[in-house]
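Asker: Quick one: structure below, then a few questions.
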Amino acid sequence: MTTATALPAAAGTALPPPGPADSAVRPVVRPARPGEEDALARALADAFADDALMLWAFPDPDHRARVLPAFFRVHVEQCLAHGGALAVHRAAGDGAADDGATDDGATDGEPLGALLFLPPGRWEAPGPRDGAATALDEAIDAAGHGEPARRLAAITRLQTLRHPRHRSHHYLAFVGVRPGARGTRAGRALLHAFLTEVDTAGQAAYAETSSPSGARLLACGGFARFGEALALPGGGPRLAPVWRGPR
């Protein structure tokens with residue numbers, strides 16, 4: 001599954017690096033580390049709590065609030081195992097770290113948000129050790145909540161049919177920042193760091209956006225529409241596939 005949530009500012013190496021933040025927060029991006037799975041999952045659960053795709057996939061609000069952290073932990077674990085997880089934090093003491101720079105320095109508190117991706121070749125075969133399908137069923141309590149399981153399966157089925165299997169690329173899975181961090185350029189910093197890595201590798205990138213604002217954000221970073229939108233059944237939201245060629 002992949003979706004790019006709405007974020008507050010444009011991003012990507014097609015644009016200049018992010019300038020000074022519009023608030024006192026100075027976001028610092030760095031690769032996520034083992035042991036941070038729960039914190040990153042909580043950040044993404046907060047970021048996607050009001051996302052149209054999550055509202056459709058998990059229609060019961062109590063169930064959604066309970067399982068979203070576990071749902072995202074499965075994805076964090078899978079991407080982290082392949083070096084595909086970035087975390088954004090507030091710089092310790094709001095020091096002089098530049099927005100958008102990847103930094104292994106000190107940071108304050110819980111992550112402001114996260115970006116998850118799979119590198120070339122890993123979407124097609126993430127590996128038997130991941131056990132993502134079984135772990136996801138357990139995370140969402142599929143045995144007791146059949147409708148969300150069916151809806152997630154419908155999303156995955158449509159994505160699988162449309163995914164560009166034979167074109168090497170980084171697969172942007174999720175990017176989001178906590179509601180309280182929107183407007184701090186934390187999301188812009190995440191995307192800038194991700195696209196810098198993509199461009200350094202001379203690779204393309206692919207994603208599916210779940211909101212018009214997310215599509216506009218990625219368009220500013222050099223992504224373009226990649227075929228027709230994916231229409232989910234039963235009046236669900238539409239996912240717009242987007243592609244960014246090598247730079």
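Starting from 1 in every chain, residues are counted up; chains themselves are A, B, ... following the order of the structure tokens, and ligands are numbered from 1 as listed.
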Which residues of range 126-240 of chain A have any atom within 10 Å of an atom in range 40-64 of chain A when counting only C-alpha atoms, and what is the closest pair of atoms for each, with the distance in Å to one decimal? Order the rows by chain and rising number and write it as CSV.
Answerer:
residue,atom,partner,partner_atom,distance
A:Ile140,CA,A:His63,CA,8.4
A:Asp141,CA,A:His63,CA,9.1
A:His145,CA,A:His63,CA,8.6
A:Glu147,CA,A:Phe58,CA,8.0
A:Pro148,CA,A:Phe58,CA,5.3
A:Ala149,CA,A:Ala57,CA,8.1
A:Arg150,CA,A:Ala57,CA,8.6
A:Arg151,CA,A:Ala57,CA,5.5
A:Leu152,CA,A:Ala57,CA,6.2
A:Ala153,CA,A:Ala57,CA,9.7
A:Ala154,CA,A:Ala57,CA,9.6
A:Ile155,CA,A:Ala57,CA,8.7
A:Phe174,CA,A:Leu44,CA,8.2
A:Val175,CA,A:Leu44,CA,7.8
A:Gly176,CA,A:Ala47,CA,5.3
A:Val177,CA,A:Ala47,CA,5.1
A:Arg178,CA,A:Ala47,CA,4.5
A:Pro179,CA,A:Ala47,CA,6.1
A:Gly180,CA,A:Ala47,CA,9.2
A:Ala181,CA,A:Ala47,CA,9.3
A:Arg182,CA,A:Ala47,CA,9.4
A:Thr209,CA,A:Leu53,CA,9.8
A:Ser210,CA,A:Leu53,CA,6.4
A:Ser211,CA,A:Ala52,CA,7.6
A:Leu232,CA,A:Trp56,CA,9.5
A:Gly234,CA,A:Trp56,CA,9.7
A:Gly235,CA,A:Trp56,CA,9.1
A:Gly236,CA,A:Trp56,CA,6.2
A:Pro237,CA,A:Leu53,CA,6.2
A:Arg238,CA,A:Leu53,CA,8.5
A:Leu239,CA,A:Leu53,CA,8.6
Asker: Mind dumping the selected residues with C-alpha atoms as a PDB file, in the first residue's frame?
Answerer:
ATOM      1  CA  ILE A 140      -5.871  -4.659  12.144  1.00  0.00           C
ATOM      2  CA  ASP A 141      -7.580  -7.571  13.915  1.00  0.00           C
ATOM      3  CA  HIS A 145     -13.140  -6.852  11.582  1.00  0.00           C
ATOM      4  CA  GLU A 147     -14.778  -5.119   6.374  1.00  0.00           C
ATOM      5  CA  PRO A 148     -11.486  -3.210   6.871  1.00  0.00           C
ATOM      6  CA  ALA A 149      -9.584  -6.331   5.798  1.00  0.00           C
ATOM      7  CA  ARG A 150     -11.648  -6.514   2.594  1.00  0.00           C
ATOM      8  CA  ARG A 151     -11.171  -2.830   1.893  1.00  0.00           C
ATOM      9  CA  LEU A 152      -7.406  -3.005   2.395  1.00  0.00           C
ATOM     10  CA  ALA A 153      -7.298  -6.035   0.104  1.00  0.00           C
ATOM     11  CA  ALA A 154      -9.189  -4.059  -2.551  1.00  0.00           C
ATOM     12  CA  ILE A 155      -6.655  -1.235  -2.326  1.00  0.00           C
ATOM     13  CA  PHE A 174       3.818   6.948   3.104  1.00  0.00           C
ATOM     14  CA  VAL A 175       4.801  10.460   4.059  1.00  0.00           C
ATOM     15  CA  GLY A 176       3.088  12.452   6.761  1.00  0.00           C
ATOM     16  CA  VAL A 177       3.573  14.858   9.616  1.00  0.00           C
ATOM     17  CA  ARG A 178       1.591  15.249  12.816  1.00  0.00           C
ATOM     18  CA  PRO A 179      -1.200  17.836  12.657  1.00  0.00           C
ATOM     19  CA  GLY A 180       0.644  20.048  15.131  1.00  0.00           C
ATOM     20  CA  ALA A 181       3.750  20.063  12.898  1.00  0.00           C
ATOM     21  CA  ARG A 182       1.993  21.180   9.726  1.00  0.00           C
ATOM     22  CA  THR A 209      -1.554  10.188  -3.756  1.00  0.00           C
ATOM     23  CA  SER A 210      -4.727  10.111  -1.713  1.00  0.00           C
ATOM     24  CA  SER A 211      -5.581  13.811  -1.819  1.00  0.00           C
ATOM     25  CA  LEU A 232     -11.901   2.285  -5.016  1.00  0.00           C
ATOM     26  CA  GLY A 234     -18.310   1.599  -3.054  1.00  0.00           C
ATOM     27  CA  GLY A 235     -17.633   5.295  -3.499  1.00  0.00           C
ATOM     28  CA  GLY A 236     -14.204   5.172  -1.879  1.00  0.00           C
ATOM     29  CA  PRO A 237     -11.549   7.837  -2.521  1.00  0.00           C
ATOM     30  CA  ARG A 238      -9.500   7.885  -5.703  1.00  0.00           C
ATOM     31  CA  LEU A 239      -5.740   7.322  -5.721  1.00  0.00           C
TER      32      LEU A 239
END
Asker: May I have the residues within 8 Å of Gly245 in chain A as a count of residues only, using only C-alpha atoms and disregarding those fewer than 3 positions away in the same chain?
Answerer: 4
Asker: Out of A:His192, A:His75, A:Arg247, A:Arg90, which residue has the shortest atom-to-atom distance to Ala139 in chain A when counting only C-alpha atoms?
Answerer: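 Closest to Ala139 in chain A, using only C-alpha atoms: A:His75.
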Asker: Extract the full set of alpha helix (DSSP H) residues from range 8-239 of chain A according to DSSP on the backbone, and format it as a PyMOL selection string.
Answerer: chain A and resi 37-47+52-57+61-80+132-139+146-162+186-200+212-220
Asker: If we count only C-alpha atoms and set the cut-off at 8 Å, which residues sit around Ala240 in chain A, ignoring sequence neighbours fewer than 3 positions away in its own chain? Please answer as a list in words.
Answerer: Glu208, Thr209, Ser210, Ala215, Arg225, Phe226, Glu228, Ala229 and Leu230 of chain A
Asker: Kindly give the distance, in Å, that separates CA of Pro27 in chain A and CA of Thr184 in chain A, rounded to a single decimal.
Answerer: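 Interatomic distance, CA of Pro27 in chain A to CA of Thr184 in chain A: 7.4 Å.
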Asker: Let's see if you can do this: from backbone DSSP, list all strand (DSSP E or B) residues in range 34-229 of chain A, as JSON, numbers by chain.
Answerer: {"A": [85, 86, 87, 88, 89, 90, 91, 102, 107, 108, 109, 110, 111, 112, 113, 114, 115, 116, 117, 118, 169, 170, 171, 172, 173, 174, 175, 176, 177, 204, 205, 206, 207, 208, 209, 224, 225]}
Asker: List the neighbours of Tyr171 in chain A out to 8 Å using only C-alpha atoms; skip same-chain residues closer than 4 positions along the sequence, and give me the result as a PyMOL selection string.
Answerer: chain A and resi 117-120+123+205-207
Asker: Per residue of range 17-98 of chain A within 10 Å of range 134-138 of chain A, record the nearest atom pair and its distance in Å to one decimal, counting only C-alpha atoms, with rows in chain order and ascending residue number, as JSON lines.
Answerer:
{"residue": "A:Val67", "atom": "CA", "partner": "A:Glu138", "partner_atom": "CA", "distance": 9.7}
{"residue": "A:Ala70", "atom": "CA", "partner": "A:Leu136", "partner_atom": "CA", "distance": 8.2}
{"residue": "A:Phe71", "atom": "CA", "partner": "A:Leu136", "partner_atom": "CA", "distance": 6.3}
{"residue": "A:Phe72", "atom": "CA", "partner": "A:Leu136", "partner_atom": "CA", "distance": 9.0}
{"residue": "A:Arg73", "atom": "CA", "partner": "A:Leu136", "partner_atom": "CA", "distance": 9.1}
{"residue": "A:Val74", "atom": "CA", "partner": "A:Leu136", "partner_atom": "CA", "distance": 6.3}
{"residue": "A:His75", "atom": "CA", "partner": "A:Leu136", "partner_atom": "CA", "distance": 8.5}
Asker: Neighbouring residues of His170 in chain A were defined as those with any atom within 12 Å, considering only C-alpha atoms; residues of the same chain fewer than 3 positions away were excluded. Please report them as a PyMOL selection string.
Answerer: chain A and resi 2+79+82-84+116-124+163-165+167+173+194-207+243-246
Asker: For each of A:Cys220, A:Arg26, A:Ala114, A:Glu77, take the minimum atom-to-atom distance to Gly187 in chain A, counting only C-alpha atoms, then give the residue where this is smallest.
Answerer: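 Selected residue with least distance to Gly187 in chain A: A:Ala114.
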Asker: For Leu80 in chain A, find every residue with an atom within 8 Å (counting only C-alpha atoms), except residues of its own chain fewer than 4 positions away, and show them as a VMD selection string.
Answerer: chain A and resid 32 to 34 76 84 to 85 116
Asker: I need the residues from that last selection saved to file as a PDB file, in the first residue's frame (with all heavy atoms), if you can.
Answerer:
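And here's again.pdb as it stands now:
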ATOM      1  N   ALA A  32      15.822   6.628   9.800  1.00  0.00           N
ATOM      2  CA  ALA A  32      15.287   6.022  11.021  1.00  0.00           C
ATOM      3  C   ALA A  32      16.194   4.903  11.496  1.00  0.00           C
ATOM      4  O   ALA A  32      16.941   4.311  10.712  1.00  0.00           O
ATOM      5  CB  ALA A  32      13.885   5.491  10.761  1.00  0.00           C
ATOM      6  N   ARG A  33      16.095   4.595  12.781  1.00  0.00           N
ATOM      7  CA  ARG A  33      16.971   3.598  13.386  1.00  0.00           C
ATOM      8  C   ARG A  33      16.147   2.481  14.002  1.00  0.00           C
ATOM      9  O   ARG A  33      15.010   2.701  14.437  1.00  0.00           O
ATOM     10  CB  ARG A  33      17.820   4.243  14.484  1.00  0.00           C
ATOM     11  CG  ARG A  33      18.674   5.400  14.010  1.00  0.00           C
ATOM     12  CD  ARG A  33      19.200   6.203  15.189  1.00  0.00           C
ATOM     13  NE  ARG A  33      20.033   7.309  14.758  1.00  0.00           N
ATOM     14  CZ  ARG A  33      20.106   8.481  15.374  1.00  0.00           C
ATOM     15  NH1 ARG A  33      19.371   8.694  16.465  1.00  0.00           N
ATOM     16  NH2 ARG A  33      20.888   9.441  14.922  1.00  0.00           N
ATOM     17  N   PRO A  34      16.709   1.270  14.078  1.00  0.00           N
ATOM     18  CA  PRO A  34      16.015   0.203  14.816  1.00  0.00           C
ATOM     19  C   PRO A  34      15.720   0.660  16.239  1.00  0.00           C
ATOM     20  O   PRO A  34      16.533   1.344  16.866  1.00  0.00           O
ATOM     21  CB  PRO A  34      17.033  -0.947  14.792  1.00  0.00           C
ATOM     22  CG  PRO A  34      17.853  -0.692  13.558  1.00  0.00           C
ATOM     23  CD  PRO A  34      17.972   0.812  13.464  1.00  0.00           C
ATOM     24  N   VAL A  76       6.344   0.396   8.800  1.00  0.00           N
ATOM     25  CA  VAL A  76       7.637   0.906   9.260  1.00  0.00           C
ATOM     26  C   VAL A  76       8.659  -0.223   9.306  1.00  0.00           C
ATOM     27  O   VAL A  76       9.797  -0.074   8.827  1.00  0.00           O
ATOM     28  CB  VAL A  76       7.509   1.563  10.645  1.00  0.00           C
ATOM     29  CG1 VAL A  76       8.891   1.868  11.225  1.00  0.00           C
ATOM     30  CG2 VAL A  76       6.682   2.850  10.558  1.00  0.00           C
ATOM     31  N   GLY A  84      14.540   2.044   4.104  1.00  0.00           N
ATOM     32  CA  GLY A  84      13.590   2.953   3.490  1.00  0.00           C
ATOM     33  C   GLY A  84      12.730   3.708   4.469  1.00  0.00           C
ATOM     34  O   GLY A  84      11.521   3.845   4.227  1.00  0.00           O
ATOM     35  N   ALA A  85      13.298   4.212   5.549  1.00  0.00           N
ATOM     36  CA  ALA A  85      12.524   4.986   6.518  1.00  0.00           C
ATOM     37  C   ALA A  85      13.306   6.231   6.922  1.00  0.00           C
ATOM     38  O   ALA A  85      14.473   6.148   7.297  1.00  0.00           O
ATOM     39  CB  ALA A  85      12.197   4.149   7.753  1.00  0.00           C
ATOM     40  N   LEU A 116       8.229   6.745   4.431  1.00  0.00           N
ATOM     41  CA  LEU A 116       8.560   5.344   4.205  1.00  0.00           C
ATOM     42  C   LEU A 116       8.643   5.076   2.713  1.00  0.00           C
ATOM     43  O   LEU A 116       7.803   5.550   1.943  1.00  0.00           O
ATOM     44  CB  LEU A 116       7.494   4.430   4.817  1.00  0.00           C
ATOM     45  CG  LEU A 116       7.170   4.614   6.299  1.00  0.00           C
ATOM     46  CD1 LEU A 116       6.094   3.607   6.713  1.00  0.00           C
ATOM     47  CD2 LEU A 116       8.406   4.461   7.167  1.00  0.00           C
TER      48      LEU A 116
END
